[in-house]
file my_file.csv (CSV, C-alpha atoms)
chain,number,residue,atom,x,y,z
A,1365,MET,CA,105.6,111.2,126.1
A,1366,ALA,CA,106.1,107.8,127.7
A,1367,LEU,CA,102.4,106.8,127.0
A,1368,LEU,CA,102.7,107.9,123.4
A,1369,ILE,CA,105.9,105.8,122.9
A,1370,LEU,CA,104.2,102.8,124.6
A,1371,GLY,CA,101.2,103.1,122.4
A,1372,ILE,CA,103.3,103.3,119.3
A,1373,VAL,CA,105.3,100.2,120.3
A,1374,ILE,CA,102.2,98.2,121.0
A,1375,PHE,CA,100.2,99.3,118.0
A,1376,LEU,CA,103.0,99.1,115.4
A,1377,GLY,CA,104.6,96.0,117.2
A,1378,ILE,CA,101.5,93.9,116.8
A,1379,HIS,CA,101.2,95.0,113.1
A,1380,LEU,CA,104.8,93.9,112.5
A,1381,VAL,CA,104.6,90.4,114.0
A,1382,ARG,CA,103.9,88.9,110.6
A,1383,SER,CA,107.0,90.6,109.1
A,1384,PHE,CA,109.5,90.0,112.0
A,1385,ALA,CA,108.1,87.1,114.0
A,1386,PRO,CA,105.9,85.0,111.7
A,1387,GLY,CA,106.6,82.0,113.9
A,1388,LEU,CA,104.9,83.7,116.9
A,1389,ARG,CA,101.7,84.3,114.9
A,1390,ALA,CA,101.8,80.7,113.5
A,1391,SER,CA,102.3,79.2,116.9
A,1392,VAL,CA,99.4,81.1,118.4
A,1393,ILE,CA,97.1,80.1,115.5
A,1394,ALA,CA,98.3,76.4,115.7
A,1395,ARG,CA,97.7,76.3,119.5
A,1396,SER,CA,94.6,78.3,119.9
A,1397,GLY,CA,93.2,79.0,116.4
A,1398,THR,CA,92.8,81.9,114.1
A,1399,GLY,CA,90.1,83.5,116.3
A,1400,ALA,CA,92.5,83.7,119.2
A,1401,TRP,CA,95.1,85.5,117.1
A,1402,HIS,CA,92.6,87.9,115.8
A,1403,ALA,CA,91.4,88.6,119.3
A,1404,ILE,CA,95.0,89.2,120.5
A,1405,HIS,CA,95.8,91.4,117.4
A,1406,GLY,CA,92.5,93.4,117.8
A,1407,VAL,CA,92.8,94.0,121.5
A,1408,SER,CA,96.5,95.0,121.2
A,1409,ALA,CA,95.8,97.3,118.3
A,1410,LEU,CA,92.9,99.0,120.3
A,1411,VAL,CA,95.0,99.4,123.4
A,1412,GLY,CA,97.9,100.8,121.4
A,1413,LEU,CA,95.7,103.2,119.5
A,1414,GLY,CA,94.1,104.4,122.7
A,1415,LEU,CA,97.5,105.0,124.3
A,1416,ILE,CA,98.6,106.8,121.1
A,1417,ALA,CA,95.6,109.1,121.2
A,1418,TYR,CA,95.9,109.8,124.9
A,1419,GLY,CA,99.7,110.1,124.9
A,1420,PHE,CA,99.7,112.3,121.9
A,1421,ASP,CA,97.2,114.7,123.4
A,1422,GLN,CA,99.3,114.8,126.7
A,1423,ALA,CA,102.6,115.1,124.8
A,1424,ARG,CA,101.4,118.0,122.6
A,1425,ALA,CA,101.0,120.1,125.7
A,1426,THR,CA,104.5,119.5,127.0
A,1427,THR,CA,106.9,118.9,124.1
A,1428,GLY,CA,108.6,121.6,122.2
A,1429,MET,CA,109.3,122.3,118.6
A,1430,LEU,CA,112.0,120.5,116.6
A,1431,TYR,CA,111.4,122.7,113.6
A,1432,THR,CA,109.0,125.4,112.5
A,1433,PRO,CA,107.6,124.4,109.0
A,1434,PRO,CA,107.0,127.3,106.6
A,1435,THR,CA,103.4,128.0,105.8
A,1436,PHE,CA,103.5,126.7,102.2
A,1437,LEU,CA,104.2,123.2,103.6
A,1438,ALA,CA,100.8,123.2,105.2
A,1439,HIS,CA,99.2,123.8,101.8
A,1440,ILE,CA,101.2,120.9,100.3
A,1441,ALA,CA,100.1,118.7,103.3
A,1442,LEU,CA,96.5,119.5,102.6
A,1443,THR,CA,96.9,118.5,98.9
A,1444,LEU,CA,98.7,115.3,99.9
A,1445,MET,CA,95.8,114.4,102.2
A,1446,LEU,CA,93.4,114.5,99.3
A,1447,ILE,CA,95.6,111.9,97.5
A,1448,ALA,CA,95.8,109.8,100.7
A,1449,SER,CA,92.0,109.9,101.1
A,1450,ILE,CA,91.5,108.6,97.5
A,1451,CYS,CA,94.1,105.9,98.0
A,1452,LEU,CA,92.5,104.8,101.3
A,1453,VAL,CA,89.1,104.4,99.7
A,1454,ALA,CA,90.6,102.6,96.6
A,1455,ALA,CA,92.0,100.0,98.9
A,1456,TYR,CA,88.5,98.8,99.9
A,1457,LEU,CA,86.9,98.8,96.5
A,1458,PRO,CA,87.2,96.2,93.7
A,1459,PRO,CA,90.4,96.9,91.7
A,1460,GLY,CA,90.5,99.9,89.4
A,1461,LYS,CA,93.7,101.3,88.0
A,1462,ILE,CA,94.6,103.1,91.3
A,1463,ARG,CA,94.5,99.9,93.3
A,1464,THR,CA,96.4,97.8,90.7
A,1465,ALA,CA,99.0,100.4,90.0
A,1466,THR,CA,99.8,101.1,93.7
A,1467,LYS,CA,99.4,97.5,94.7
A,1468,HIS,CA,98.9,98.5,98.4
A,1469,PRO,CA,96.9,101.7,98.3
A,1470,ALA,CA,96.1,101.6,102.1
A,1471,ILE,CA,99.8,101.4,102.9
A,1472,LEU,CA,100.5,104.2,100.4
A,1473,ALA,CA,97.7,106.3,102.1
A,1474,ILE,CA,99.5,105.8,105.5
A,1475,LYS,CA,102.8,106.9,104.0
A,1476,ILE,CA,101.3,110.0,102.4
A,1477,TRP,CA,99.4,110.8,105.6
A,1478,ALA,CA,102.5,110.5,107.7
A,1479,LEU,CA,104.6,112.5,105.3
A,1480,ALA,CA,102.0,115.3,105.0
A,1481,HIS,CA,101.8,115.6,108.7
A,1482,LEU,CA,105.6,115.7,109.1
A,1483,LEU,CA,105.7,118.5,106.5
A,1484,ALA,CA,103.1,120.6,108.5
A,1485,ASN,CA,104.1,119.8,112.1
A,1486,GLY,CA,107.4,120.3,113.8
A,1487,GLU,CA,106.5,119.4,117.4
A,1488,THR,CA,108.6,116.7,118.9
A,1489,SER,CA,105.5,114.5,119.6
A,1490,SER,CA,104.3,115.0,116.0
A,1491,VAL,CA,107.7,114.1,114.5
A,1492,LEU,CA,107.8,111.0,116.8
A,1493,LEU,CA,104.3,109.8,115.9
A,1494,PHE,CA,104.2,110.5,112.2
A,1495,GLY,CA,107.9,109.6,111.7
A,1496,THR,CA,107.4,106.1,113.2
A,1497,PHE,CA,104.2,105.6,111.2
A,1498,LEU,CA,106.1,106.5,108.0
A,1499,VAL,CA,108.9,104.1,108.8
A,1500,TRP,CA,106.4,101.4,109.7
A,1501,ALA,CA,104.5,101.8,106.4
A,1502,VAL,CA,107.8,101.6,104.5
A,1503,ILE,CA,108.8,98.4,106.3
A,1504,LEU,CA,105.3,97.0,105.8
A,1505,ARG,CA,105.5,97.7,102.0
A,1506,ILE,CA,108.9,96.1,101.7
A,1507,SER,CA,107.6,93.0,103.6
A,1508,MET,CA,104.6,92.8,101.3
A,1509,LYS,CA,106.9,92.9,98.3
A,1510,LYS,CA,109.0,90.1,99.7
A,1511,ARG,CA,105.8,88.0,100.4
A,1512,TRP,CA,104.6,88.6,96.8
A,1513,ARG,CA,108.0,87.5,95.4
A,1514,ALA,CA,107.8,84.4,97.5
A,1515,GLY,CA,104.3,83.6,96.2
A,1516,GLU,CA,102.7,84.1,99.6
A,1517,ILE,CA,100.3,86.8,98.3
A,1518,SER,CA,98.9,87.8,95.0
A,1519,TYR,CA,97.5,91.1,93.7
A,1520,PRO,CA,93.9,91.3,92.3
A,1521,ALA,CA,93.5,91.9,88.6
A,1522,PHE,CA,92.1,95.1,87.2
A,1523,VAL,CA,88.3,95.1,87.0
A,1524,SER,CA,87.1,98.6,85.9
A,1525,TYR,CA,87.9,102.2,85.8
A,1526,ARG,CA,84.5,102.8,87.4
A,1527,TYR,CA,86.1,101.9,90.7
A,1528,ASP,CA,88.7,104.6,90.2
A,1529,LEU,CA,85.9,107.2,89.7
A,1530,ILE,CA,84.2,105.9,92.8
A,1531,ALA,CA,87.4,106.1,94.8
A,1532,ILE,CA,88.0,109.7,93.6
A,1533,VAL,CA,84.4,110.8,94.5
A,1534,LEU,CA,84.3,109.0,97.9
A,1535,GLY,CA,87.9,109.9,98.7
A,1536,ALA,CA,87.2,113.6,98.0
A,1537,ALA,CA,84.0,113.4,100.1
A,1538,LEU,CA,86.0,111.8,103.0
A,1539,TYR,CA,88.7,114.5,102.6
A,1540,GLY,CA,86.0,117.2,102.7
A,1541,VAL,CA,84.5,115.8,105.9
A,1542,ILE,CA,87.9,115.6,107.5
A,1543,VAL,CA,88.9,119.1,106.6
A,1544,TRP,CA,85.5,120.6,107.3
A,1545,LYS,CA,85.0,119.3,110.8
A,1546,LEU,CA,86.2,115.7,111.6
A,1547,HIS,CA,89.9,116.6,112.1
A,1548,GLU,CA,89.0,119.4,114.5
A,1549,LEU,CA,86.5,117.2,116.4
A,1550,VAL,CA,88.9,114.3,116.8
A,1551,ILE,CA,92.3,116.2,117.1
A,1552,GLY,CA,91.2,119.6,118.4
A,1553,VAL,CA,92.9,121.5,115.5
A,1554,SER,CA,91.4,122.6,112.2
A,1555,PRO,CA,93.7,121.7,109.3
A,1556,MET,CA,92.4,124.9,107.6
A,1557,VAL,CA,94.1,127.1,110.3
A,1558,VAL,CA,97.4,127.7,108.5
A,1559,GLY,CA,100.2,130.0,109.7
call {"tool": "encode", "arguments": {"input": "my_file.csv", "output": "structure tokens"}}
result
Amino acid sequence: MALLILGIVIFLGIHLVRSFAPGLRASVIARSGTGAWHAIHGVSALVGLGLIAYGFDQARATTGMLYTPPTFLAHIALTLMLIASICLVAAYLPPGKIRTATKHPAILAIKIWALAHLLANGETSSVLLFGTFLVWAVILRISMKKRWRAGEISYPAFVSYRYDLIAIVLGAALYGVIVWKLHELVIGVSPMVVG
């Protein structure tokens, strides 16, 4: 569990620097350039992600249950993951209505992903992992809203509903691959095994 916690602290910590310690980021960029900050950010994120993956795998074998979710919550989680997949794809396309309405579809995808997994998993390690990611995504969304109000960021204007259709088709395809095999290959558990 210690490695999982360390990984979460490193991964989420580096992603919260802009929100909670913008001066640190600015001083690194001023001293060493944007490339140095991107290198620090990238290496930290990869190390954190690696520790999360390894620590989560180890913790699942040793931690107990905080709660046992009813079977119907797994079905709700599967449905939510389809929505999360569509939002994630929409975040990387030119703006359709999904992107302009949600403003931060990638952050929304993370929130939905975390919530879905909290609904379907009651192990201590799962609650820790998905609960912290949910809190992080909420904090990040609040931070982005403050930056928008301060004029630091702007949102792209709507371009076409065509990109919504593309997001739905590609998001559904991504979801299909995850449910069909990818989740089982990466995590070791098929999301289709319910109950």
call {"tool": "closest_residue", "arguments": {"input": "my_file.csv", "among": "A:Arg1526, A:Leu1472, A:Lys1467, A:Leu1493", "to": "Ala1448 of chain A", "atoms": "all atoms listed in the file"}}
result
A:Leu1472
call {"tool": "closest_residue", "arguments": {"input": "my_file.csv", "among": "A:Leu1430, A:His1547, A:Leu1376, A:Arg1424", "to": "His1405 of chain A", "atoms": "all atoms listed in the file"}}
result
A:Leu1376
call {"tool": "atom_distance", "arguments": {"input": "my_file.csv", "atom1": "atom CA of Leu1452 of chain A", "atom2": "atom CA of Gly1535 of chain A"}}
result
7.3 Å
call {"tool": "closest_residue", "arguments": {"input": "my_file.csv", "among": "A:Pro1469, A:Gly1387, A:Gly1515, A:Pro1434", "to": "Ser1449 of chain A", "atoms": "only C-alpha atoms"}}
result
A:Pro1469
call {"tool": "atom_distance", "arguments": {"input": "my_file.csv", "atom1": "atom CA of Ile1372 of chain A", "atom2": "atom CA of Ala1478 of chain A"}}
result
13.7 Å
call {"tool": "closest_atom_pairs", "arguments": {"input": "my_file.csv", "of": "segment 1447-1497 of chain A", "to": "segment 1517-1523 of chain A", "cutoff": "9 Å", "atoms": "all atoms listed in the file", "output": "JSON lines"}}
result
{"residue": "A:Pro1458", "atom": "CA", "partner": "A:Val1523", "partner_atom": "CA", "distance": 6.9}
{"residue": "A:Pro1459", "atom": "CA", "partner": "A:Phe1522", "partner_atom": "CA", "distance": 5.1}
{"residue": "A:Gly1460", "atom": "CA", "partner": "A:Phe1522", "partner_atom": "CA", "distance": 5.5}
{"residue": "A:Lys1461", "atom": "CA", "partner": "A:Phe1522", "partner_atom": "CA", "distance": 6.5}
{"residue": "A:Arg1463", "atom": "CA", "partner": "A:Phe1522", "partner_atom": "CA", "distance": 8.1}
{"residue": "A:Thr1464", "atom": "CA", "partner": "A:Phe1522", "partner_atom": "CA", "distance": 6.2}
{"residue": "A:Lys1467", "atom": "CA", "partner": "A:Tyr1519", "partner_atom": "CA", "distance": 6.8}
{"residue": "A:His1468", "atom": "CA", "partner": "A:Tyr1519", "partner_atom": "CA", "distance": 8.9}
call {"tool": "residues_around", "arguments": {"input": "my_file.csv", "residues": "segment 1406-1417 of chain A", "least_positions_apart": "6", "cutoff": "12 Å", "atoms": "all atoms listed in the file", "output": "number ranges by chain"}}
result
A: 1365-1381, 1399-1400, 1423-1424, 1489-1490, 1492-1494, 1496-1497, 1550-1552
call {"tool": "write_last_selection", "arguments": {"input": "my_file.csv", "atoms": "C-alpha atoms", "output": "PDB file, in the coordinates of the input"}}
result
ATOM      1  CA  MET A1365     105.600 111.200 126.100  1.00  0.00           C
ATOM      2  CA  ALA A1366     106.100 107.800 127.700  1.00  0.00           C
ATOM      3  CA  LEU A1367     102.400 106.800 127.000  1.00  0.00           C
ATOM      4  CA  LEU A1368     102.700 107.900 123.400  1.00  0.00           C
ATOM      5  CA  ILE A1369     105.900 105.800 122.900  1.00  0.00           C
ATOM      6  CA  LEU A1370     104.200 102.800 124.600  1.00  0.00           C
ATOM      7  CA  GLY A1371     101.200 103.100 122.400  1.00  0.00           C
ATOM      8  CA  ILE A1372     103.300 103.300 119.300  1.00  0.00           C
ATOM      9  CA  VAL A1373     105.300 100.200 120.300  1.00  0.00           C
ATOM     10  CA  ILE A1374     102.200  98.200 121.000  1.00  0.00           C
ATOM     11  CA  PHE A1375     100.200  99.300 118.000  1.00  0.00           C
ATOM     12  CA  LEU A1376     103.000  99.100 115.400  1.00  0.00           C
ATOM     13  CA  GLY A1377     104.600  96.000 117.200  1.00  0.00           C
ATOM     14  CA  ILE A1378     101.500  93.900 116.800  1.00  0.00           C
ATOM     15  CA  HIS A1379     101.200  95.000 113.100  1.00  0.00           C
ATOM     16  CA  LEU A1380     104.800  93.900 112.500  1.00  0.00           C
ATOM     17  CA  VAL A1381     104.600  90.400 114.000  1.00  0.00           C
ATOM     18  CA  GLY A1399      90.100  83.500 116.300  1.00  0.00           C
ATOM     19  CA  ALA A1400      92.500  83.700 119.200  1.00  0.00           C
ATOM     20  CA  ALA A1423     102.600 115.100 124.800  1.00  0.00           C
ATOM     21  CA  ARG A1424     101.400 118.000 122.600  1.00  0.00           C
ATOM     22  CA  SER A1489     105.500 114.500 119.600  1.00  0.00           C
ATOM     23  CA  SER A1490     104.300 115.000 116.000  1.00  0.00           C
ATOM     24  CA  LEU A1492     107.800 111.000 116.800  1.00  0.00           C
ATOM     25  CA  LEU A1493     104.300 109.800 115.900  1.00  0.00           C
ATOM     26  CA  PHE A1494     104.200 110.500 112.200  1.00  0.00           C
ATOM     27  CA  THR A1496     107.400 106.100 113.200  1.00  0.00           C
ATOM     28  CA  PHE A1497     104.200 105.600 111.200  1.00  0.00           C
ATOM     29  CA  VAL A1550      88.900 114.300 116.800  1.00  0.00           C
ATOM     30  CA  ILE A1551      92.300 116.200 117.100  1.00  0.00           C
ATOM     31  CA  GLY A1552      91.200 119.600 118.400  1.00  0.00           C
TER      32      GLY A1552
END
call {"tool": "residues_around", "arguments": {"input": "my_file.csv", "residues": "Leu1504 of chain A", "least_positions_apart": "5", "cutoff": "10 Å", "atoms": "all atoms listed in the file", "output": "PDB file with C-alpha atoms, keeping the file's coordinate frame"}}
result
ATOM      1  CA  HIS A1379     101.200  95.000 113.100  1.00  0.00           C
ATOM      2  CA  LEU A1380     104.800  93.900 112.500  1.00  0.00           C
ATOM      3  CA  ARG A1382     103.900  88.900 110.600  1.00  0.00           C
ATOM      4  CA  SER A1383     107.000  90.600 109.100  1.00  0.00           C
ATOM      5  CA  HIS A1468      98.900  98.500  98.400  1.00  0.00           C
ATOM      6  CA  ILE A1471      99.800 101.400 102.900  1.00  0.00           C
ATOM      7  CA  LEU A1498     106.100 106.500 108.000  1.00  0.00           C
ATOM      8  CA  VAL A1499     108.900 104.100 108.800  1.00  0.00           C
ATOM      9  CA  LYS A1509     106.900  92.900  98.300  1.00  0.00           C
ATOM     10  CA  LYS A1510     109.000  90.100  99.700  1.00  0.00           C
TER      11      LYS A1510
END
call {"tool": "closest_residue", "arguments": {"input": "my_file.csv", "among": "A:Leu1446, A:Ala1403, A:Ala1394, A:Ile1476", "to": "Val1541 of chain A", "atoms": "all atoms listed in the file"}}
result
A:Leu1446
call {"tool": "atom_distance", "arguments": {"input": "my_file.csv", "atom1": "atom CA of Thr1466 of chain A", "atom2": "atom CA of Thr1443 of chain A"}}
result
18.4 Å
call {"tool": "closest_residue", "arguments": {"input": "my_file.csv", "among": "A:Ser1554, A:Thr1427, A:Ser1507, A:Gln1422", "to": "Phe1384 of chain A", "atoms": "all atoms listed in the file"}}
result
A:Ser1507
call {"tool": "closest_residue", "arguments": {"input": "my_file.csv", "among": "A:Ile1447, A:Leu1388, A:Ala1441, A:Met1429", "to": "Leu1534 of chain A", "atoms": "only C-alpha atoms"}}
result
A:Ile1447
call {"tool": "build_atoms", "arguments": {"input": "my_file.csv", "residues": "segment 1421-1449 of chain A", "atoms": "N, CA and C atoms", "output": "mmCIF file, in the coordinates of the input"}}
result
data_model
loop_
_atom_site.group_PDB
_atom_site.id
_atom_site.type_symbol
_atom_site.label_atom_id
_atom_site.label_comp_id
_atom_site.auth_asym_id
_atom_site.auth_seq_id
_atom_site.Cartn_x
_atom_site.Cartn_y
_atom_site.Cartn_z
ATOM 1 N N ASP A 1421 97.886 113.495 122.897
ATOM 2 C CA ASP A 1421 97.200 114.700 123.400
ATOM 3 C C ASP A 1421 97.997 115.249 124.626
ATOM 4 N N GLN A 1422 98.486 114.376 125.496
ATOM 5 C CA GLN A 1422 99.300 114.800 126.700
ATOM 6 C C GLN A 1422 100.625 115.402 126.204
ATOM 7 N N ALA A 1423 101.268 114.731 125.258
ATOM 8 C CA ALA A 1423 102.600 115.100 124.800
ATOM 9 C C ALA A 1423 102.579 116.483 124.095
ATOM 10 N N ARG A 1424 101.508 116.751 123.347
ATOM 11 C CA ARG A 1424 101.400 118.000 122.600
ATOM 12 C C ARG A 1424 101.489 119.225 123.548
ATOM 13 N N ALA A 1425 100.998 119.031 124.767
ATOM 14 C CA ALA A 1425 101.000 120.100 125.700
ATOM 15 C C ALA A 1425 102.342 120.360 126.390
ATOM 16 N N THR A 1426 103.225 119.363 126.290
ATOM 17 C CA THR A 1426 104.500 119.500 127.000
ATOM 18 C C THR A 1426 105.747 119.456 126.187
ATOM 19 N N THR A 1427 105.657 118.977 124.946
ATOM 20 C CA THR A 1427 106.900 118.900 124.100
ATOM 21 C C THR A 1427 107.067 120.144 123.297
ATOM 22 N N GLY A 1428 108.308 120.436 123.002
ATOM 23 C CA GLY A 1428 108.600 121.600 122.200
ATOM 24 C C GLY A 1428 108.722 121.352 120.747
ATOM 25 N N MET A 1429 109.223 122.336 120.027
ATOM 26 C CA MET A 1429 109.300 122.300 118.600
ATOM 27 C C MET A 1429 110.722 121.763 118.164
ATOM 28 N N LEU A 1430 110.762 120.852 117.212
ATOM 29 C CA LEU A 1430 112.000 120.500 116.600
ATOM 30 C C LEU A 1430 112.331 121.361 115.419
ATOM 31 N N TYR A 1431 111.286 121.791 114.729
ATOM 32 C CA TYR A 1431 111.400 122.700 113.600
ATOM 33 C C TYR A 1431 110.093 123.439 113.408
ATOM 34 N N THR A 1432 110.170 124.597 112.772
ATOM 35 C CA THR A 1432 109.000 125.400 112.500
ATOM 36 C C THR A 1432 108.771 125.334 110.942
ATOM 37 N N PRO A 1433 107.770 124.562 110.487
ATOM 38 C CA PRO A 1433 107.600 124.400 109.000
ATOM 39 C C PRO A 1433 107.094 125.760 108.432
ATOM 40 N N PRO A 1434 107.566 126.103 107.242
ATOM 41 C CA PRO A 1434 107.000 127.300 106.600
ATOM 42 C C PRO A 1434 105.570 127.046 106.179
ATOM 43 N N THR A 1435 104.813 128.112 106.055
ATOM 44 C CA THR A 1435 103.400 128.000 105.800
ATOM 45 C C THR A 1435 103.037 127.244 104.541
ATOM 46 N N PHE A 1436 103.843 127.386 103.489
ATOM 47 C CA PHE A 1436 103.500 126.700 102.200
ATOM 48 C C PHE A 1436 103.477 125.191 102.380
ATOM 49 N N LEU A 1437 104.217 124.641 103.361
ATOM 50 C CA LEU A 1437 104.200 123.200 103.600
ATOM 51 C C LEU A 1437 102.848 122.707 104.051
ATOM 52 N N ALA A 1438 102.137 123.553 104.790
ATOM 53 C CA ALA A 1438 100.800 123.200 105.200
ATOM 54 C C ALA A 1438 99.850 123.044 104.041
ATOM 55 N N HIS A 1439 100.026 123.899 103.045
ATOM 56 C CA HIS A 1439 99.200 123.800 101.800
ATOM 57 C C HIS A 1439 99.524 122.538 101.048
ATOM 58 N N ILE A 1440 100.798 122.197 100.997
ATOM 59 C CA ILE A 1440 101.200 120.900 100.300
ATOM 60 C C ILE A 1440 100.625 119.752 101.092
ATOM 61 N N ALA A 1441 100.669 119.824 102.424
ATOM 62 C CA ALA A 1441 100.100 118.700 103.300
ATOM 63 C C ALA A 1441 98.634 118.544 102.988
ATOM 64 N N LEU A 1442 97.893 119.632 102.868
ATOM 65 C CA LEU A 1442 96.500 119.500 102.600
ATOM 66 C C LEU A 1442 96.217 118.842 101.229
ATOM 67 N N THR A 1443 97.018 119.169 100.249
ATOM 68 C CA THR A 1443 96.900 118.500 98.900
ATOM 69 C C THR A 1443 97.228 117.053 98.999
ATOM 70 N N LEU A 1444 98.295 116.727 99.707
ATOM 71 C CA LEU A 1444 98.700 115.300 99.900
ATOM 72 C C LEU A 1444 97.594 114.510 100.554
ATOM 73 N N MET A 1445 96.898 115.134 101.501
ATOM 74 C CA MET A 1445 95.800 114.400 102.200
ATOM 75 C C MET A 1445 94.667 114.060 101.312
ATOM 76 N N LEU A 1446 94.418 114.854 100.293
ATOM 77 C CA LEU A 1446 93.400 114.500 99.300
ATOM 78 C C LEU A 1446 93.785 113.206 98.596
ATOM 79 N N ILE A 1447 95.052 113.129 98.190
ATOM 80 C CA ILE A 1447 95.600 111.900 97.500
ATOM 81 C C ILE A 1447 95.491 110.722 98.453
ATOM 82 N N ALA A 1448 95.874 110.923 99.723
ATOM 83 C CA ALA A 1448 95.800 109.800 100.700
ATOM 84 C C ALA A 1448 94.393 109.332 100.900
ATOM 85 N N SER A 1449 93.430 110.238 100.933
ATOM 86 C CA SER A 1449 92.000 109.900 101.100
ATOM 87 C C SER A 1449 91.538 109.012 99.940
#
